[in-house]
Amino acid sequence: MATGLETVSDSSPYVDELVHMLHSYLKSECGIMPTEIVKAGSLGQGTAIPGDYDLDLVIYSRDISPEKLNYGIHDILEKIDRLLAKHLGRKYQKKGITASAVSFSIEHKLKVDLLPSPYWLNPDEYHQYLKTLHKTRPIDIRLFSCSAAKWQKHFFLAQPPQVREYIKRAKAWRNIKWPEKQDGIGRPKSFLISLLVVEAYKRSNDGRPASVTSAMKQLVKNHDEMRLHWTYDGALYSRDYVSYFPRRSQPCIIDPANPFNNVYVSGISRYSANTSEGTYEQGDGNWTNFVRYIDTFSLTA
């Protein structure tokens, strides 16, 4: 999405002002003491495309229980919306409230998704809760994916700089094939693109653009045989969770920070023209258009 900001560093003053405001007023006006505020998404992961990025800001708070998140936080989101309107004034352009976020723009330049989350002591506490919840009901990815944001950020920052550069190029290709505001059916989300590039780099012979491009094309063309998870390399959950993955007859790409998020499905958009895809909205797993376009993919600068 076009931001109106030429470089990634141009976002810093907006991010700093927003984080300072949230630390100053969230407790008194919304009843939420922020334990940690994390710049997530492409900005936090080091894969933002200059002039074409948005901000995912996750508020971790001990005042939000996992049960509260599970049963709905619309009341919290409405309070945050009022806080933003009050303290940002004319700078605040509301886009809407989803099940998990307040979406808005600052001065029509930076698009922001603000996502409240329970504070988790460590990844295992988060995964154990999801494991318990999984036994009683299907997990709503929209509500709990934001909780994994800080560990997803850790995963991508641990990748070689060359991989993060390739991710930027892959997302730039995606944006050309599925332009903003046009039909997004089958559009691969940034998280899916990023994980595929990480895997393609690993499978390439030498890490060069041509080799990674070839590996990426093979991954997408053979997607129905795909079974990717990172218990072997950088995942933040143990092998104990493998039993919760989809059956071997089903393709999967497991979120390295959330063993219950199959990005093979959640990573494919299904939004219509003139509507936002929503980073944490559920996808539909229809790879038809992705496969159709993949022969045009290239990482050559």
# chains A, B, ... in the order shown; residues from 1 in each chain; ligands from 1

$ closest_atom_pairs --of "stretch 18-84 of chain A" --to "stretch 183-192 of chain A" --cutoff "10 Å" --atoms "only C-alpha atoms" --output "Markdown table"
| residue | atom | partner | partner_atom | distance |
| --- | --- | --- | --- | --- |
| A:Gly41 | CA | A:Phe191 | CA | 8.3 |
| A:Ser42 | CA | A:Ser190 | CA | 8.0 |
| A:Thr47 | CA | A:Ser190 | CA | 9.4 |
| A:Ala48 | CA | A:Ser190 | CA | 9.9 |

$ select_by_dssp --residues "stretch 71-219 of chain A" --states "strand (DSSP E or B)" --output "list in words"
Tyr92, Gln93, Lys94, Lys95, Gly96, Ile97, Val102, Ser103, Phe104, Ser105, Ile106, Leu110, Lys111, Val112, Asp113, Leu114, Leu115, Pro116, Ser117, Pro118 and Pro188 of chain A

$ select_by_dssp --residues "stretch 35-70 of chain A" --states "alpha helix (DSSP H)" --output "list of chain:residue names"
A:Gly41, A:Ser42, A:Leu43, A:Gly44, A:Gln45, A:Pro66, A:Glu67, A:Lys68, A:Leu69, A:Asn70

$ write_last_selection --atoms "all heavy atoms" --output "mmCIF file, in the first residue's frame"
data_model
loop_
_atom_site.group_PDB
_atom_site.id
_atom_site.type_symbol
_atom_site.label_atom_id
_atom_site.label_comp_id
_atom_site.auth_asym_id
_atom_site.auth_seq_id
_atom_site.Cartn_x
_atom_site.Cartn_y
_atom_site.Cartn_z
ATOM 1 N N GLY A 41 4.965 -6.646 11.842
ATOM 2 C CA GLY A 41 4.785 -6.571 10.402
ATOM 3 C C GLY A 41 6.092 -6.252 9.688
ATOM 4 O O GLY A 41 7.194 -6.431 10.227
ATOM 5 N N SER A 42 5.991 -5.761 8.470
ATOM 6 C CA SER A 42 7.179 -5.546 7.644
ATOM 7 C C SER A 42 8.130 -4.508 8.228
ATOM 8 O O SER A 42 9.351 -4.645 8.123
ATOM 9 C CB SER A 42 6.764 -5.145 6.226
ATOM 10 O OG SER A 42 6.030 -3.933 6.226
ATOM 11 N N LEU A 43 7.592 -3.478 8.880
ATOM 12 C CA LEU A 43 8.464 -2.474 9.485
ATOM 13 C C LEU A 43 9.322 -3.087 10.592
ATOM 14 O O LEU A 43 10.518 -2.820 10.697
ATOM 15 C CB LEU A 43 7.640 -1.312 10.037
ATOM 16 C CG LEU A 43 7.354 -0.144 9.098
ATOM 17 C CD1 LEU A 43 6.478 0.895 9.790
ATOM 18 C CD2 LEU A 43 8.642 0.505 8.606
ATOM 19 N N GLY A 44 8.704 -3.900 11.431
ATOM 20 C CA GLY A 44 9.441 -4.516 12.518
ATOM 21 C C GLY A 44 10.365 -5.632 12.061
ATOM 22 O O GLY A 44 11.408 -5.871 12.665
ATOM 23 N N GLN A 45 9.990 -6.308 10.980
ATOM 24 C CA GLN A 45 10.756 -7.456 10.505
ATOM 25 C C GLN A 45 11.899 -7.074 9.571
ATOM 26 O O GLN A 45 12.683 -7.923 9.144
ATOM 27 C CB GLN A 45 9.821 -8.432 9.786
ATOM 28 C CG GLN A 45 8.797 -9.070 10.709
ATOM 29 C CD GLN A 45 7.656 -9.730 9.954
ATOM 30 O OE1 GLN A 45 7.664 -9.807 8.719
ATOM 31 N NE2 GLN A 45 6.651 -10.194 10.687
ATOM 32 N N PRO A 66 -6.344 -13.816 28.110
ATOM 33 C CA PRO A 66 -6.590 -14.638 26.923
ATOM 34 C C PRO A 66 -8.078 -14.920 26.716
ATOM 35 O O PRO A 66 -8.561 -14.944 25.588
ATOM 36 C CB PRO A 66 -5.814 -15.931 27.227
ATOM 37 C CG PRO A 66 -4.733 -15.502 28.153
ATOM 38 C CD PRO A 66 -5.345 -14.429 29.008
ATOM 39 N N GLU A 67 -8.799 -15.116 27.822
ATOM 40 C CA GLU A 67 -10.243 -15.375 27.710
ATOM 41 C C GLU A 67 -10.973 -14.169 27.131
ATOM 42 O O GLU A 67 -11.904 -14.313 26.325
ATOM 43 C CB GLU A 67 -10.822 -15.726 29.080
ATOM 44 C CG GLU A 67 -10.373 -17.072 29.618
ATOM 45 C CD GLU A 67 -8.928 -17.075 30.113
ATOM 46 O OE1 GLU A 67 -8.396 -15.972 30.408
ATOM 47 O OE2 GLU A 67 -8.337 -18.157 30.197
ATOM 48 N N LYS A 68 -10.549 -12.969 27.535
ATOM 49 C CA LYS A 68 -11.155 -11.758 26.998
ATOM 50 C C LYS A 68 -10.929 -11.677 25.490
ATOM 51 O O LYS A 68 -11.844 -11.362 24.721
ATOM 52 C CB LYS A 68 -10.558 -10.527 27.691
ATOM 53 C CG LYS A 68 -11.005 -9.182 27.115
ATOM 54 C CD LYS A 68 -12.486 -8.945 27.283
ATOM 55 C CE LYS A 68 -12.880 -7.569 26.782
ATOM 56 N NZ LYS A 68 -14.352 -7.369 26.784
ATOM 57 N N LEU A 69 -9.707 -11.959 25.057
ATOM 58 C CA LEU A 69 -9.403 -11.930 23.630
ATOM 59 C C LEU A 69 -10.222 -12.971 22.883
ATOM 60 O O LEU A 69 -10.746 -12.725 21.792
ATOM 61 C CB LEU A 69 -7.908 -12.187 23.413
ATOM 62 C CG LEU A 69 -7.395 -12.060 21.978
ATOM 63 C CD1 LEU A 69 -7.533 -10.634 21.478
ATOM 64 C CD2 LEU A 69 -5.942 -12.507 21.890
ATOM 65 N N ASN A 70 -10.388 -14.127 23.495
ATOM 66 C CA ASN A 70 -11.116 -15.215 22.862
ATOM 67 C C ASN A 70 -12.591 -14.880 22.649
ATOM 68 O O ASN A 70 -13.176 -15.227 21.615
ATOM 69 C CB ASN A 70 -10.983 -16.481 23.717
ATOM 70 C CG ASN A 70 -11.549 -17.700 23.033
ATOM 71 O OD1 ASN A 70 -11.509 -17.827 21.818
ATOM 72 N ND2 ASN A 70 -12.080 -18.622 23.822
#

$ closest_residue --among "A:Leu299, A:Ala101, A:Ile254, A:Ile176" --to "A:Ala210" --atoms "only C-alpha atoms"
A:Leu299

$ atom_distance --atom1 "atom CA of A:Ile59" --atom2 "atom CA of A:Thr132"
23.4 Å

$ closest_residue --among "A:Lys131, A:Arg203, A:Arg292, A:Arg227" --to "A:Asn262" --atoms "only C-alpha atoms"
A:Arg227

$ residues_around --residues "A:Pro160" --least-positions-apart "5" --cutoff "10 Å" --atoms "only C-alpha atoms" --output "list in words"
Glu165, Val198 and Tyr201 of chain A

$ closest_residue --among "A:Ile32, A:Ile80, A:Cys252, A:Val212" --to "A:Met226" --atoms "only C-alpha atoms"
A:Cys252

$ closest_residue --among "A:Leu26, A:Ile268, A:Leu196, A:Ile106" --to "A:Leu55" --atoms "only C-alpha atoms"
A:Ile106

$ residues_around --residues "A:His127" --least-positions-apart "2" --cutoff "8 Å" --atoms "only C-alpha atoms" --output "PyMOL selection string"
chain A and resi 123-125+129-131+237+258-259

$ write_last_selection --atoms "N, CA, C and O atoms" --output "PDB file, in the first residue's frame"
ATOM      1  N   PRO A 123       6.975 -17.767  24.637  1.00  0.00           N
ATOM      2  CA  PRO A 123       6.188 -18.451  23.604  1.00  0.00           C
ATOM      3  C   PRO A 123       5.473 -19.697  24.119  1.00  0.00           C
ATOM      4  O   PRO A 123       4.346 -19.978  23.695  1.00  0.00           O
ATOM      5  N   ASP A 124       6.096 -20.430  25.041  1.00  0.00           N
ATOM      6  CA  ASP A 124       5.477 -21.672  25.505  1.00  0.00           C
ATOM      7  C   ASP A 124       4.160 -21.411  26.234  1.00  0.00           C
ATOM      8  O   ASP A 124       3.203 -22.180  26.089  1.00  0.00           O
ATOM      9  N   GLU A 125       4.089 -20.330  27.014  1.00  0.00           N
ATOM     10  CA  GLU A 125       2.838 -19.989  27.690  1.00  0.00           C
ATOM     11  C   GLU A 125       1.735 -19.741  26.667  1.00  0.00           C
ATOM     12  O   GLU A 125       0.592 -20.195  26.823  1.00  0.00           O
ATOM     13  N   TYR A 129      -1.622 -22.269  25.962  1.00  0.00           N
ATOM     14  CA  TYR A 129      -3.001 -21.795  25.994  1.00  0.00           C
ATOM     15  C   TYR A 129      -3.729 -22.192  24.711  1.00  0.00           C
ATOM     16  O   TYR A 129      -4.870 -22.667  24.750  1.00  0.00           O
ATOM     17  N   LEU A 130      -3.076 -21.990  23.565  1.00  0.00           N
ATOM     18  CA  LEU A 130      -3.701 -22.362  22.294  1.00  0.00           C
ATOM     19  C   LEU A 130      -3.951 -23.868  22.223  1.00  0.00           C
ATOM     20  O   LEU A 130      -4.966 -24.316  21.681  1.00  0.00           O
ATOM     21  N   LYS A 131      -3.028 -24.643  22.788  1.00  0.00           N
ATOM     22  CA  LYS A 131      -3.196 -26.096  22.805  1.00  0.00           C
ATOM     23  C   LYS A 131      -4.436 -26.483  23.596  1.00  0.00           C
ATOM     24  O   LYS A 131      -5.232 -27.328  23.157  1.00  0.00           O
ATOM     25  N   TYR A 237       8.500 -23.171  18.910  1.00  0.00           N
ATOM     26  CA  TYR A 237       7.732 -24.213  19.578  1.00  0.00           C
ATOM     27  C   TYR A 237       8.485 -25.530  19.403  1.00  0.00           C
ATOM     28  O   TYR A 237       9.331 -25.676  18.518  1.00  0.00           O
ATOM     29  N   ASN A 258       3.611 -19.799  15.756  1.00  0.00           N
ATOM     30  CA  ASN A 258       2.292 -20.264  16.183  1.00  0.00           C
ATOM     31  C   ASN A 258       1.982 -21.595  15.502  1.00  0.00           C
ATOM     32  O   ASN A 258       1.597 -21.618  14.331  1.00  0.00           O
ATOM     33  N   PRO A 259       2.136 -22.713  16.192  1.00  0.00           N
ATOM     34  CA  PRO A 259       1.957 -24.019  15.562  1.00  0.00           C
ATOM     35  C   PRO A 259       0.525 -24.321  15.136  1.00  0.00           C
ATOM     36  O   PRO A 259       0.287 -25.322  14.475  1.00  0.00           O
TER      37      PRO A 259
END

$ residues_around --residues "A:Gln250" --least-positions-apart "5" --cutoff "12 Å" --atoms "only C-alpha atoms" --output "number ranges by chain"
A: 223-228, 245, 262, 264-265, 285

$ write_last_selection --atoms "N, CA, C and O atoms" --output "JSON list (two decimals), in the first residue's frame"
[["chain", "number", "residue", "atom", "x", "y", "z"],
["A", 223, "HIS", "N", 2.73, -26.66, -4.78],
["A", 223, "HIS", "CA", 2.19, -26.26, -3.48],
["A", 223, "HIS", "C", 1.32, -27.33, -2.83],
["A", 223, "HIS", "O", 1.26, -27.43, -1.60],
["A", 224, "ASP", "N", 0.63, -28.13, -3.63],
["A", 224, "ASP", "CA", -0.27, -29.12, -3.04],
["A", 224, "ASP", "C", 0.49, -30.27, -2.37],
["A", 224, "ASP", "O", -0.11, -31.10, -1.69],
["A", 225, "GLU", "N", 1.82, -30.30, -2.54],
["A", 225, "GLU", "CA", 2.65, -31.29, -1.87],
["A", 225, "GLU", "C", 3.44, -30.66, -0.72],
["A", 225, "GLU", "O", 4.26, -31.31, -0.07],
["A", 226, "MET", "N", 3.18, -29.37, -0.47],
["A", 226, "MET", "CA", 3.99, -28.61, 0.47],
["A", 226, "MET", "C", 3.70, -29.01, 1.92],
["A", 226, "MET", "O", 2.55, -29.13, 2.33],
["A", 227, "ARG", "N", 4.78, -29.18, 2.65],
["A", 227, "ARG", "CA", 4.65, -29.46, 4.08],
["A", 227, "ARG", "C", 5.84, -28.83, 4.78],
["A", 227, "ARG", "O", 6.87, -29.47, 5.01],
["A", 228, "LEU", "N", 5.71, -27.57, 5.10],
["A", 228, "LEU", "CA", 6.80, -26.80, 5.67],
["A", 228, "LEU", "C", 6.53, -26.46, 7.13],
["A", 228, "LEU", "O", 5.46, -26.00, 7.49],
["A", 245, "PHE", "N", -0.36, -30.52, 13.73],
["A", 245, "PHE", "CA", -0.34, -30.04, 12.35],
["A", 245, "PHE", "C", -1.43, -30.75, 11.55],
["A", 245, "PHE", "O", -1.91, -31.83, 11.94],
["A", 262, "ASN", "N", -1.90, -22.41, 10.13],
["A", 262, "ASN", "CA", -1.47, -22.97, 8.85],
["A", 262, "ASN", "C", -1.49, -21.85, 7.80],
["A", 262, "ASN", "O", -2.54, -21.51, 7.27],
["A", 264, "TYR", "N", -0.49, -21.84, 4.89],
["A", 264, "TYR", "CA", -0.91, -22.32, 3.56],
["A", 264, "TYR", "C", -2.33, -21.86, 3.26],
["A", 264, "TYR", "O", -2.67, -21.51, 2.14],
["A", 265, "VAL", "N", -3.18, -21.85, 4.30],
["A", 265, "VAL", "CA", -4.57, -21.40, 4.15],
["A", 265, "VAL", "C", -4.71, -19.92, 4.49],
["A", 265, "VAL", "O", -5.22, -19.13, 3.69],
["A", 285, "GLY", "N", -6.94, -20.26, 1.21],
["A", 285, "GLY", "CA", -6.10, -21.36, 0.73],
["A", 285, "GLY", "C", -6.23, -21.67, -0.75],
["A", 285, "GLY", "O", -5.79, -22.74, -1.20]]

$ atom_distance --atom1 "atom CA of A:Gln152" --atom2 "atom CA of A:Trp120"
14.1 Å

$ residues_around --residues "A:Arg90" --least-positions-apart "4" --cutoff "10 Å" --atoms "only C-alpha atoms" --output "JSON, numbers by chain"
{"A": [85, 86, 106, 107]}

$ residues_around --residues "A:Asn122" --least-positions-apart "4" --cutoff "12 Å" --atoms "only C-alpha atoms" --output "PyMOL selection string"
chain A and resi 118+126-129+147-148+150-151+236-237+257

$ write_last_selection --atoms "C-alpha atoms" --output "mmCIF file, in the first residue's frame"
data_model
loop_
_atom_site.group_PDB
_atom_site.id
_atom_site.type_symbol
_atom_site.label_atom_id
_atom_site.label_comp_id
_atom_site.auth_asym_id
_atom_site.auth_seq_id
_atom_site.Cartn_x
_atom_site.Cartn_y
_atom_site.Cartn_z
ATOM 1 C CA PRO A 118 -2.585 -10.445 26.248
ATOM 2 C CA TYR A 126 1.141 -18.735 24.518
ATOM 3 C CA HIS A 127 1.333 -22.130 22.810
ATOM 4 C CA GLN A 128 0.069 -24.017 25.857
ATOM 5 C CA TYR A 129 -3.001 -21.795 25.994
ATOM 6 C CA SER A 147 -0.044 -12.409 19.900
ATOM 7 C CA ALA A 148 2.675 -14.147 17.872
ATOM 8 C CA LYS A 150 6.918 -10.284 18.446
ATOM 9 C CA TRP A 151 8.204 -13.834 17.871
ATOM 10 C CA LEU A 236 9.683 -21.057 18.748
ATOM 11 C CA TYR A 237 7.732 -24.213 19.578
ATOM 12 C CA ALA A 257 5.720 -18.596 16.030
#

$ closest_residue --among "A:Asn261, A:Ser211, A:Ser249, A:Ser9" --to "A:His229" --atoms "only C-alpha atoms"
A:Asn261

$ closest_residue --among "A:Val263, A:Ile167, A:Met33, A:Val291" --to "A:Gln218" --atoms "only C-alpha atoms"
A:Val291
